[in-house]
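The file query-v6.txt comes next; it holds compact mmCIF, N, CA and C atoms.
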# COMPACT_ATOMS: atom_id res chain seq x y z
N MET N 1 52.09 40.68 14.53
CA MET N 1 51.96 40.58 15.96
C MET N 1 51.13 39.37 16.36
N ALA N 2 50.17 38.99 15.53
CA ALA N 2 49.29 37.88 15.88
C ALA N 2 50.06 36.57 15.96
N ALA N 3 51.25 36.51 15.40
CA ALA N 3 52.03 35.28 15.42
C ALA N 3 52.70 35.05 16.77
N LEU N 4 52.79 36.05 17.61
CA LEU N 4 53.42 35.92 18.92
C LEU N 4 52.35 35.67 19.98
N PRO N 5 52.29 34.46 20.56
CA PRO N 5 51.20 34.11 21.48
C PRO N 5 51.00 35.08 22.64
N ALA N 6 52.06 35.52 23.28
CA ALA N 6 51.91 36.42 24.43
C ALA N 6 51.35 37.78 24.00
N VAL N 7 51.82 38.27 22.87
CA VAL N 7 51.32 39.55 22.35
C VAL N 7 49.86 39.39 21.92
N ARG N 8 49.56 38.29 21.26
CA ARG N 8 48.20 38.02 20.80
C ARG N 8 47.23 38.02 21.97
N ALA N 9 47.58 37.32 23.04
CA ALA N 9 46.71 37.24 24.21
C ALA N 9 46.47 38.62 24.82
N ALA N 10 47.52 39.41 24.91
CA ALA N 10 47.39 40.76 25.49
C ALA N 10 46.53 41.66 24.60
N LEU N 11 46.66 41.50 23.31
CA LEU N 11 45.90 42.35 22.38
C LEU N 11 44.42 41.99 22.31
N LEU N 12 44.09 40.71 22.50
CA LEU N 12 42.69 40.29 22.39
C LEU N 12 41.78 41.09 23.32
N PHE N 13 42.19 41.22 24.56
CA PHE N 13 41.39 41.96 25.53
C PHE N 13 41.19 43.40 25.06
N ARG N 14 42.27 44.03 24.64
CA ARG N 14 42.19 45.43 24.20
C ARG N 14 41.34 45.57 22.94
N GLN N 15 41.51 44.66 22.00
CA GLN N 15 40.72 44.73 20.77
C GLN N 15 39.23 44.57 21.06
N ARG N 16 38.90 43.61 21.90
CA ARG N 16 37.49 43.36 22.23
C ARG N 16 36.87 44.52 22.99
N ALA N 17 37.68 45.27 23.71
CA ALA N 17 37.17 46.41 24.49
C ALA N 17 36.68 47.55 23.59
N PHE N 18 37.06 47.56 22.34
CA PHE N 18 36.62 48.60 21.41
C PHE N 18 35.15 48.44 21.01
N ARG N 19 34.62 47.24 21.16
CA ARG N 19 33.23 47.01 20.73
C ARG N 19 32.26 47.63 21.73
N ARG N 20 31.41 48.48 21.22
CA ARG N 20 30.38 49.15 22.01
C ARG N 20 29.10 49.17 21.17
N PRO N 21 27.95 49.19 21.84
CA PRO N 21 26.70 49.30 21.08
C PRO N 21 26.71 50.58 20.25
N PRO N 22 26.21 50.59 19.05
CA PRO N 22 25.45 49.53 18.42
C PRO N 22 26.30 48.48 17.72
N GLY N 23 27.60 48.64 17.69
CA GLY N 23 28.45 47.66 17.03
C GLY N 23 29.78 48.26 16.63
N LEU N 24 30.50 47.50 15.85
CA LEU N 24 31.85 47.88 15.48
C LEU N 24 32.18 47.31 14.11
N VAL N 25 32.85 48.08 13.30
CA VAL N 25 33.42 47.57 12.06
C VAL N 25 34.90 47.38 12.35
N ALA N 26 35.35 46.14 12.26
CA ALA N 26 36.75 45.82 12.56
C ALA N 26 37.40 45.22 11.33
N ASP N 27 38.60 45.64 11.06
CA ASP N 27 39.34 45.19 9.88
C ASP N 27 40.62 44.51 10.33
N GLY N 28 40.81 43.30 9.89
CA GLY N 28 42.03 42.58 10.21
C GLY N 28 41.91 41.13 9.79
N ARG N 29 43.03 40.49 9.69
CA ARG N 29 43.05 39.14 9.15
C ARG N 29 42.49 38.08 10.09
N ASP N 30 42.26 38.41 11.35
CA ASP N 30 41.68 37.43 12.27
C ASP N 30 40.51 38.00 13.06
N MET N 31 39.92 39.07 12.58
CA MET N 31 38.83 39.71 13.32
C MET N 31 37.62 38.78 13.47
N ALA N 32 37.19 38.13 12.39
CA ALA N 32 36.00 37.28 12.45
C ALA N 32 36.31 35.89 13.00
N SER N 33 37.49 35.38 12.74
CA SER N 33 37.81 34.01 13.15
C SER N 33 38.34 33.91 14.57
N VAL N 34 38.86 35.01 15.13
CA VAL N 34 39.46 34.96 16.47
C VAL N 34 38.92 36.05 17.38
N VAL N 35 39.06 37.29 16.99
CA VAL N 35 38.79 38.41 17.89
C VAL N 35 37.30 38.57 18.19
N PHE N 36 36.48 38.60 17.15
CA PHE N 36 35.04 38.81 17.32
C PHE N 36 34.26 37.63 16.74
N ARG N 37 34.51 36.45 17.28
CA ARG N 37 33.86 35.24 16.76
C ARG N 37 32.34 35.31 16.81
N ASP N 38 31.80 36.11 17.73
CA ASP N 38 30.35 36.20 17.89
C ASP N 38 29.73 37.36 17.10
N ALA N 39 30.47 37.94 16.20
CA ALA N 39 29.94 39.05 15.39
C ALA N 39 28.72 38.59 14.60
N THR N 40 27.75 39.48 14.45
CA THR N 40 26.53 39.10 13.73
C THR N 40 26.73 39.08 12.22
N THR N 41 27.60 39.90 11.71
CA THR N 41 27.92 39.89 10.28
C THR N 41 29.43 39.82 10.14
N LYS N 42 29.88 38.82 9.40
CA LYS N 42 31.32 38.64 9.17
C LYS N 42 31.56 38.63 7.67
N VAL N 43 32.61 39.30 7.27
CA VAL N 43 32.96 39.36 5.85
C VAL N 43 34.43 39.02 5.71
N PHE N 44 34.72 38.04 4.87
CA PHE N 44 36.10 37.71 4.53
C PHE N 44 36.38 38.42 3.22
N LEU N 45 37.13 39.50 3.33
CA LEU N 45 37.40 40.38 2.19
C LEU N 45 38.69 39.94 1.52
N THR N 46 38.63 39.78 0.23
CA THR N 46 39.82 39.37 -0.51
C THR N 46 39.83 40.05 -1.88
N ALA N 47 40.93 39.87 -2.56
CA ALA N 47 41.09 40.32 -3.95
C ALA N 47 42.31 39.57 -4.47
N SER N 48 42.44 39.51 -5.77
CA SER N 48 43.62 38.84 -6.33
C SER N 48 44.87 39.56 -5.84
N VAL N 49 45.94 38.82 -5.73
CA VAL N 49 47.19 39.42 -5.27
C VAL N 49 47.65 40.51 -6.23
N GLU N 50 47.37 40.33 -7.51
CA GLU N 50 47.74 41.34 -8.50
C GLU N 50 46.97 42.65 -8.27
N MET N 51 45.67 42.54 -8.02
CA MET N 51 44.87 43.74 -7.78
C MET N 51 45.29 44.41 -6.47
N ARG N 52 45.56 43.62 -5.45
CA ARG N 52 46.00 44.19 -4.18
C ARG N 52 47.32 44.93 -4.35
N ALA N 53 48.23 44.37 -5.14
CA ALA N 53 49.51 45.04 -5.39
C ALA N 53 49.29 46.34 -6.16
N MET N 54 48.40 46.32 -7.14
CA MET N 54 48.13 47.54 -7.91
C MET N 54 47.53 48.62 -7.01
N ARG N 55 46.60 48.23 -6.15
CA ARG N 55 45.97 49.20 -5.25
C ARG N 55 46.99 49.78 -4.27
N ARG N 56 47.83 48.92 -3.72
CA ARG N 56 48.85 49.38 -2.77
C ARG N 56 49.85 50.30 -3.48
N HIS N 57 50.23 49.93 -4.69
CA HIS N 57 51.15 50.74 -5.48
C HIS N 57 50.58 52.14 -5.68
N LYS N 58 49.31 52.21 -6.05
CA LYS N 58 48.65 53.50 -6.25
C LYS N 58 48.66 54.32 -4.96
N GLN N 59 48.37 53.69 -3.82
CA GLN N 59 48.38 54.39 -2.53
C GLN N 59 49.76 54.98 -2.25
N LEU N 60 50.79 54.18 -2.44
CA LEU N 60 52.15 54.62 -2.13
C LEU N 60 52.58 55.75 -3.06
N ILE N 61 52.29 55.62 -4.34
CA ILE N 61 52.65 56.66 -5.32
C ILE N 61 51.94 57.97 -4.98
N GLU N 62 50.65 57.88 -4.60
CA GLU N 62 49.89 59.08 -4.24
C GLU N 62 50.47 59.77 -3.00
N LYS N 63 51.15 59.00 -2.15
CA LYS N 63 51.79 59.57 -0.96
C LYS N 63 53.21 60.05 -1.26
N GLY N 64 53.62 59.92 -2.54
CA GLY N 64 54.95 60.36 -2.93
C GLY N 64 56.05 59.37 -2.58
N MET N 65 55.67 58.13 -2.35
CA MET N 65 56.66 57.11 -1.98
C MET N 65 56.99 56.26 -3.20
N ALA N 66 58.21 55.80 -3.26
CA ALA N 66 58.62 54.91 -4.34
C ALA N 66 58.02 53.53 -4.09
N ALA N 67 57.63 52.86 -5.17
CA ALA N 67 57.04 51.54 -5.03
C ALA N 67 57.24 50.75 -6.31
N SER N 68 57.41 49.46 -6.14
CA SER N 68 57.58 48.55 -7.27
C SER N 68 56.49 47.49 -7.19
N ILE N 69 55.75 47.33 -8.28
CA ILE N 69 54.70 46.30 -8.32
C ILE N 69 55.30 44.93 -8.03
N ALA N 70 56.45 44.62 -8.62
CA ALA N 70 57.08 43.32 -8.40
C ALA N 70 57.40 43.10 -6.93
N ASP N 71 57.94 44.11 -6.27
CA ASP N 71 58.25 43.99 -4.84
C ASP N 71 56.98 43.85 -4.01
N LEU N 72 55.96 44.60 -4.36
CA LEU N 72 54.70 44.51 -3.63
C LEU N 72 54.06 43.13 -3.80
N LEU N 73 54.11 42.58 -5.01
CA LEU N 73 53.59 41.24 -5.24
C LEU N 73 54.30 40.22 -4.37
N LEU N 74 55.61 40.30 -4.33
CA LEU N 74 56.40 39.38 -3.51
C LEU N 74 56.04 39.53 -2.04
N ASP N 75 55.98 40.76 -1.56
CA ASP N 75 55.64 41.02 -0.16
C ASP N 75 54.26 40.48 0.20
N LEU N 76 53.28 40.72 -0.66
CA LEU N 76 51.92 40.26 -0.39
C LEU N 76 51.84 38.74 -0.38
N ARG N 77 52.49 38.10 -1.34
CA ARG N 77 52.48 36.63 -1.38
C ARG N 77 53.12 36.04 -0.13
N GLU N 78 54.25 36.63 0.28
CA GLU N 78 54.93 36.14 1.48
C GLU N 78 54.07 36.36 2.72
N ARG N 79 53.44 37.51 2.81
CA ARG N 79 52.59 37.80 3.98
C ARG N 79 51.39 36.86 4.02
N ASP N 80 50.76 36.64 2.87
CA ASP N 80 49.62 35.72 2.82
C ASP N 80 50.03 34.32 3.28
N GLU N 81 51.15 33.85 2.79
CA GLU N 81 51.65 32.52 3.17
C GLU N 81 51.94 32.46 4.66
N ARG N 82 52.65 33.44 5.14
CA ARG N 82 53.01 33.50 6.57
C ARG N 82 51.76 33.56 7.45
N ASP N 83 50.83 34.43 7.09
CA ASP N 83 49.63 34.61 7.91
C ASP N 83 48.71 33.39 7.88
N SER N 84 48.65 32.70 6.76
CA SER N 84 47.77 31.53 6.69
C SER N 84 48.39 30.29 7.33
N GLN N 85 49.71 30.29 7.53
CA GLN N 85 50.39 29.13 8.11
C GLN N 85 50.77 29.29 9.58
N ARG N 86 50.61 30.47 10.14
CA ARG N 86 51.05 30.68 11.52
C ARG N 86 50.22 29.81 12.48
N SER N 87 50.82 29.44 13.59
CA SER N 87 50.15 28.55 14.54
C SER N 87 49.12 29.28 15.39
N VAL N 88 49.31 30.57 15.61
CA VAL N 88 48.39 31.35 16.43
C VAL N 88 47.58 32.27 15.51
N ALA N 89 46.26 32.14 15.59
CA ALA N 89 45.34 32.99 14.82
C ALA N 89 45.67 33.04 13.33
N PRO N 90 45.71 31.89 12.67
CA PRO N 90 46.01 31.91 11.23
C PRO N 90 44.89 32.61 10.45
N MET N 91 45.28 33.21 9.33
CA MET N 91 44.30 33.86 8.47
C MET N 91 43.45 32.77 7.81
N GLN N 92 42.16 32.82 8.09
CA GLN N 92 41.24 31.86 7.48
C GLN N 92 39.84 32.43 7.48
N GLN N 93 39.04 31.98 6.53
CA GLN N 93 37.66 32.43 6.46
C GLN N 93 36.83 31.63 7.45
N SER N 94 36.08 32.31 8.29
CA SER N 94 35.14 31.63 9.19
C SER N 94 34.03 31.01 8.35
N THR N 95 33.51 29.88 8.81
CA THR N 95 32.45 29.21 8.05
C THR N 95 31.19 30.06 7.96
N ASP N 96 31.01 30.97 8.92
CA ASP N 96 29.82 31.83 8.91
C ASP N 96 30.10 33.22 8.35
N ALA N 97 31.20 33.37 7.65
CA ALA N 97 31.55 34.66 7.05
C ALA N 97 31.18 34.69 5.57
N HIS N 98 30.72 35.82 5.13
CA HIS N 98 30.47 36.04 3.71
C HIS N 98 31.82 36.25 3.03
N LEU N 99 31.98 35.71 1.84
CA LEU N 99 33.20 35.93 1.05
C LEU N 99 32.93 37.07 0.07
N LEU N 100 33.78 38.08 0.13
CA LEU N 100 33.66 39.21 -0.80
C LEU N 100 34.99 39.40 -1.51
N ASP N 101 35.02 38.95 -2.76
CA ASP N 101 36.21 39.12 -3.59
C ASP N 101 36.06 40.46 -4.31
N THR N 102 36.89 41.42 -3.92
CA THR N 102 36.78 42.78 -4.46
C THR N 102 37.65 43.03 -5.69
N THR N 103 38.18 41.98 -6.27
CA THR N 103 39.06 42.15 -7.43
C THR N 103 38.42 43.05 -8.48
N ASN N 104 37.14 42.83 -8.75
CA ASN N 104 36.46 43.60 -9.79
C ASN N 104 35.40 44.54 -9.23
N HIS N 105 35.54 44.90 -7.96
CA HIS N 105 34.59 45.82 -7.32
C HIS N 105 35.25 47.17 -7.05
N THR N 106 34.43 48.20 -7.07
CA THR N 106 34.87 49.50 -6.57
C THR N 106 34.61 49.51 -5.07
N ILE N 107 35.14 50.50 -4.39
CA ILE N 107 34.86 50.64 -2.96
C ILE N 107 33.35 50.76 -2.75
N GLU N 108 32.70 51.52 -3.60
CA GLU N 108 31.26 51.75 -3.45
C GLU N 108 30.45 50.47 -3.60
N THR N 109 30.79 49.63 -4.59
CA THR N 109 30.02 48.39 -4.76
C THR N 109 30.33 47.39 -3.65
N ALA N 110 31.55 47.40 -3.15
CA ALA N 110 31.89 46.51 -2.03
C ALA N 110 31.14 46.93 -0.77
N VAL N 111 31.10 48.23 -0.50
CA VAL N 111 30.37 48.73 0.67
C VAL N 111 28.88 48.41 0.54
N ALA N 112 28.33 48.59 -0.64
CA ALA N 112 26.91 48.29 -0.86
C ALA N 112 26.62 46.82 -0.58
N GLN N 113 27.51 45.93 -0.99
CA GLN N 113 27.32 44.50 -0.74
C GLN N 113 27.35 44.21 0.75
N VAL N 114 28.31 44.77 1.46
CA VAL N 114 28.41 44.56 2.91
C VAL N 114 27.16 45.09 3.60
N LEU N 115 26.71 46.27 3.24
CA LEU N 115 25.50 46.84 3.85
C LEU N 115 24.28 45.96 3.59
N ASP N 116 24.21 45.36 2.42
CA ASP N 116 23.12 44.44 2.11
C ASP N 116 23.17 43.23 3.05
N TRP N 117 24.37 42.67 3.24
CA TRP N 117 24.50 41.53 4.15
C TRP N 117 24.13 41.92 5.58
N VAL N 118 24.55 43.09 6.02
CA VAL N 118 24.22 43.56 7.37
C VAL N 118 22.70 43.66 7.52
N SER N 119 22.03 44.19 6.52
CA SER N 119 20.57 44.36 6.61
C SER N 119 19.84 43.03 6.64
N ARG N 120 20.44 41.99 6.10
CA ARG N 120 19.81 40.66 6.08
C ARG N 120 20.02 39.88 7.37
N GLY N 121 20.95 40.32 8.19
CA GLY N 121 21.23 39.61 9.44
C GLY N 121 22.29 38.53 9.26
N PRO N 122 22.51 37.73 10.32
CA PRO N 122 23.58 36.73 10.29
C PRO N 122 23.44 35.73 9.15
N LYS N 123 24.57 35.31 8.62
CA LYS N 123 24.61 34.31 7.56
C LYS N 123 24.20 32.97 8.14
N LYS N 124 23.41 32.25 7.43
CA LYS N 124 23.00 30.91 7.86
C LYS N 124 23.95 29.87 7.28
N GLY N 125 24.31 28.91 8.09
CA GLY N 125 25.10 27.80 7.57
C GLY N 125 26.50 27.87 7.95

Please re-express this file's structure in structure tokens.
Amino acid sequence: MAALPAVRAALLFRQRAFRRPPGLVADGRDMASVVFRDATTKVFLTASVEMRAMRRHKQLIEKGMAASIADLLLDLRERDERDSQRSVAPMQQSTDAHLLDTTNHTIETAVAQVLDWVSRGPKKG
């Protein structure tokens, strides 16, 4: 949806309206770079495409859905390319965002890292 300028513009207002004190955790490929540019803590979350495919495969299988790692890899690579090349709100890491590569992290260690960054305040630089 972010690739369609008219849809993107309409969604921005609605997305920003969700933020209320004391804050908001927002997940999306353009949350820090477009939607909430003034966020105090920004995290660019990533993982290898192989790990993302394995995690997605596990989710789908647990839901009783058929899934192919090869198909998931292809889909993820195509989505990453499309999202990083789109003219409106391309997927990119903000200069003031922390990079968290979760390839070798559990959910618990990733959450602990984010909470540590939140406790330290905005990233400098």

What is the distance between CA of Leu45 in chain N and CA of Gln59 in chain N, in Å to one decimal?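 CA of Leu45 in chain N sits 18.4 Å away from CA of Gln59 in chain N.
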
Could you go through chain N and tell me which residues DSSP, when run on the backbone, assigns to alpha helix (DSSP H), listing them as a compact mmCIF listing (two decimals) with N, CA and C atoms, in the frame of the given file?
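Written out: selection-v5.txt:
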# COMPACT_ATOMS: atom_id res chain seq x y z
N PRO N 5 52.29 34.46 20.56
CA PRO N 5 51.20 34.11 21.48
C PRO N 5 51.00 35.08 22.64
N ALA N 6 52.06 35.52 23.28
CA ALA N 6 51.91 36.42 24.43
C ALA N 6 51.35 37.78 24.00
N VAL N 7 51.82 38.27 22.87
CA VAL N 7 51.32 39.55 22.35
C VAL N 7 49.86 39.39 21.92
N ARG N 8 49.56 38.29 21.26
CA ARG N 8 48.20 38.02 20.80
C ARG N 8 47.23 38.02 21.97
N ALA N 9 47.58 37.32 23.04
CA ALA N 9 46.71 37.24 24.21
C ALA N 9 46.47 38.62 24.82
N ALA N 10 47.52 39.41 24.91
CA ALA N 10 47.39 40.76 25.49
C ALA N 10 46.53 41.66 24.60
N LEU N 11 46.66 41.50 23.31
CA LEU N 11 45.90 42.35 22.38
C LEU N 11 44.42 41.99 22.31
N LEU N 12 44.09 40.71 22.50
CA LEU N 12 42.69 40.29 22.39
C LEU N 12 41.78 41.09 23.32
N PHE N 13 42.19 41.22 24.56
CA PHE N 13 41.39 41.96 25.53
C PHE N 13 41.19 43.40 25.06
N ARG N 14 42.27 44.03 24.64
CA ARG N 14 42.19 45.43 24.20
C ARG N 14 41.34 45.57 22.94
N GLN N 15 41.51 44.66 22.00
CA GLN N 15 40.72 44.73 20.77
C GLN N 15 39.23 44.57 21.06
N ARG N 16 38.90 43.61 21.90
CA ARG N 16 37.49 43.36 22.23
C ARG N 16 36.87 44.52 22.99
N ALA N 17 37.68 45.27 23.71
CA ALA N 17 37.17 46.41 24.49
C ALA N 17 36.68 47.55 23.59
N VAL N 49 45.94 38.82 -5.73
CA VAL N 49 47.19 39.42 -5.27
C VAL N 49 47.65 40.51 -6.23
N GLU N 50 47.37 40.33 -7.51
CA GLU N 50 47.74 41.34 -8.50
C GLU N 50 46.97 42.65 -8.27
N MET N 51 45.67 42.54 -8.02
CA MET N 51 44.87 43.74 -7.78
C MET N 51 45.29 44.41 -6.47
N ARG N 52 45.56 43.62 -5.45
CA ARG N 52 46.00 44.19 -4.18
C ARG N 52 47.32 44.93 -4.35
N ALA N 53 48.23 44.37 -5.14
CA ALA N 53 49.51 45.04 -5.39
C ALA N 53 49.29 46.34 -6.16
N MET N 54 48.40 46.32 -7.14
CA MET N 54 48.13 47.54 -7.91
C MET N 54 47.53 48.62 -7.01
N ARG N 55 46.60 48.23 -6.15
CA ARG N 55 45.97 49.20 -5.25
C ARG N 55 46.99 49.78 -4.27
N ARG N 56 47.83 48.92 -3.72
CA ARG N 56 48.85 49.38 -2.77
C ARG N 56 49.85 50.30 -3.48
N HIS N 57 50.23 49.93 -4.69
CA HIS N 57 51.15 50.74 -5.48
C HIS N 57 50.58 52.14 -5.68
N LYS N 58 49.31 52.21 -6.05
CA LYS N 58 48.65 53.50 -6.25
C LYS N 58 48.66 54.32 -4.96
N GLN N 59 48.37 53.69 -3.82
CA GLN N 59 48.38 54.39 -2.53
C GLN N 59 49.76 54.98 -2.25
N LEU N 60 50.79 54.18 -2.44
CA LEU N 60 52.15 54.62 -2.13
C LEU N 60 52.58 55.75 -3.06
N ILE N 61 52.29 55.62 -4.34
CA ILE N 61 52.65 56.66 -5.32
C ILE N 61 51.94 57.97 -4.98
N GLU N 62 50.65 57.88 -4.60
CA GLU N 62 49.89 59.08 -4.24
C GLU N 62 50.47 59.77 -3.00
N ILE N 69 55.75 47.33 -8.28
CA ILE N 69 54.70 46.30 -8.32
C ILE N 69 55.30 44.93 -8.03
N ALA N 70 56.45 44.62 -8.62
CA ALA N 70 57.08 43.32 -8.40
C ALA N 70 57.40 43.10 -6.93
N ASP N 71 57.94 44.11 -6.27
CA ASP N 71 58.25 43.99 -4.84
C ASP N 71 56.98 43.85 -4.01
N LEU N 72 55.96 44.60 -4.36
CA LEU N 72 54.70 44.51 -3.63
C LEU N 72 54.06 43.13 -3.80
N LEU N 73 54.11 42.58 -5.01
CA LEU N 73 53.59 41.24 -5.24
C LEU N 73 54.30 40.22 -4.37
N LEU N 74 55.61 40.30 -4.33
CA LEU N 74 56.40 39.38 -3.51
C LEU N 74 56.04 39.53 -2.04
N ASP N 75 55.98 40.76 -1.56
CA ASP N 75 55.64 41.02 -0.16
C ASP N 75 54.26 40.48 0.20
N LEU N 76 53.28 40.72 -0.66
CA LEU N 76 51.92 40.26 -0.39
C LEU N 76 51.84 38.74 -0.38
N ARG N 77 52.49 38.10 -1.34
CA ARG N 77 52.48 36.63 -1.38
C ARG N 77 53.12 36.04 -0.13
N GLU N 78 54.25 36.63 0.28
CA GLU N 78 54.93 36.14 1.48
C GLU N 78 54.07 36.36 2.72
N ARG N 79 53.44 37.51 2.81
CA ARG N 79 52.59 37.80 3.98
C ARG N 79 51.39 36.86 4.02
N ASP N 80 50.76 36.64 2.87
CA ASP N 80 49.62 35.72 2.82
C ASP N 80 50.03 34.32 3.28
N GLU N 81 51.15 33.85 2.79
CA GLU N 81 51.65 32.52 3.17
C GLU N 81 51.94 32.46 4.66
N ARG N 82 52.65 33.44 5.14
CA ARG N 82 53.01 33.50 6.57
C ARG N 82 51.76 33.56 7.45
N ASP N 83 50.83 34.43 7.09
CA ASP N 83 49.63 34.61 7.91
C ASP N 83 48.71 33.39 7.88
N SER N 84 48.65 32.70 6.76
CA SER N 84 47.77 31.53 6.69
C SER N 84 48.39 30.29 7.33
N GLN N 85 49.71 30.29 7.53
CA GLN N 85 50.39 29.13 8.11
C GLN N 85 50.77 29.29 9.58
N ILE N 107 35.14 50.50 -4.39
CA ILE N 107 34.86 50.64 -2.96
C ILE N 107 33.35 50.76 -2.75
N GLU N 108 32.70 51.52 -3.60
CA GLU N 108 31.26 51.75 -3.45
C GLU N 108 30.45 50.47 -3.60
N THR N 109 30.79 49.63 -4.59
CA THR N 109 30.02 48.39 -4.76
C THR N 109 30.33 47.39 -3.65
N ALA N 110 31.55 47.40 -3.15
CA ALA N 110 31.89 46.51 -2.03
C ALA N 110 31.14 46.93 -0.77
N VAL N 111 31.10 48.23 -0.50
CA VAL N 111 30.37 48.73 0.67
C VAL N 111 28.88 48.41 0.54
N ALA N 112 28.33 48.59 -0.64
CA ALA N 112 26.91 48.29 -0.86
C ALA N 112 26.62 46.82 -0.58
N GLN N 113 27.51 45.93 -0.99
CA GLN N 113 27.32 44.50 -0.74
C GLN N 113 27.35 44.21 0.75
N VAL N 114 28.31 44.77 1.46
CA VAL N 114 28.41 44.56 2.91
C VAL N 114 27.16 45.09 3.60
N LEU N 115 26.71 46.27 3.24
CA LEU N 115 25.50 46.84 3.85
C LEU N 115 24.28 45.96 3.59
N ASP N 116 24.21 45.36 2.42
CA ASP N 116 23.12 44.44 2.11
C ASP N 116 23.17 43.23 3.05
N TRP N 117 24.37 42.67 3.24
CA TRP N 117 24.50 41.53 4.15
C TRP N 117 24.13 41.92 5.58
N VAL N 118 24.55 43.09 6.02
CA VAL N 118 24.22 43.56 7.37
C VAL N 118 22.70 43.66 7.52
N SER N 119 22.03 44.19 6.52
CA SER N 119 20.57 44.36 6.61
C SER N 119 19.84 43.03 6.64
N ARG N 120 20.44 41.99 6.10
CA ARG N 120 19.81 40.66 6.08
C ARG N 120 20.02 39.88 7.37

Using only C-alpha atoms: which of N:Arg120, N:Val7, N:Leu100, N:Leu60 has the shortest distance to Ser48 in chain N: N:Leu100

Would you kindly return, as a JSON list (two decimals) with N, CA and C atoms, keeping the file's coordinate frame, each protein, DNA or RNA residue with an atom no farther than 7 Å from any atom of range 22-29 of chain N, considering all atoms listed in the file and excluding same-chain residues fewer than 6 positions away?
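In the end it all went to result_23.json:
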[["chain", "number", "residue", "atom", "x", "y", "z"],
["N", 89, "ALA", "N", 46.26, 32.14, 15.59],
["N", 89, "ALA", "CA", 45.34, 32.99, 14.82],
["N", 89, "ALA", "C", 45.67, 33.04, 13.33],
["N", 90, "PRO", "N", 45.71, 31.89, 12.67],
["N", 90, "PRO", "CA", 46.01, 31.91, 11.23],
["N", 90, "PRO", "C", 44.89, 32.61, 10.45],
["N", 91, "MET", "N", 45.28, 33.21, 9.33],
["N", 91, "MET", "CA", 44.30, 33.86, 8.47],
["N", 91, "MET", "C", 43.45, 32.77, 7.81],
["N", 92, "GLN", "N", 42.16, 32.82, 8.09],
["N", 92, "GLN", "CA", 41.24, 31.86, 7.48],
["N", 92, "GLN", "C", 39.84, 32.43, 7.48]]

If I take CA of Trp117 in chain N and CA of His98 in chain N, how far is one from the other in Å, to one decimal?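 Distance reported for this atom pair: 8.1 Å.
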
Atom C of Gln15 in chain N sits from atom N of Val43 in chain N at a separation of 16.2 Å

Enumerate the residues of chain N with a DSSP assignment of strand (DSSP E or B), computed from the backbone, and present them as number ranges by chain. N: 43-46, 98-101

Please provide the set of residues having any atom within 10 Å of Asn104 in chain N, restricted to only C-alpha atoms, with same-chain residues fewer than 5 positions apart removed, written as a PyMOL selection string. chain N and resi 47-48+51+109-110

Using only C-alpha atoms, find the one residue out of N:Val88, N:Ala112, N:Ala10, N:Leu4 that sits nearest to Val34 in chain N. N:Val88

Name the residues in contact with Ala67 in chain N at a cut-off of 10 Å, using only C-alpha atoms, excluding same-chain residues fewer than 3 positions from it; report them as a ChimeraX atom specification. /N:53,56-61,64,70-72
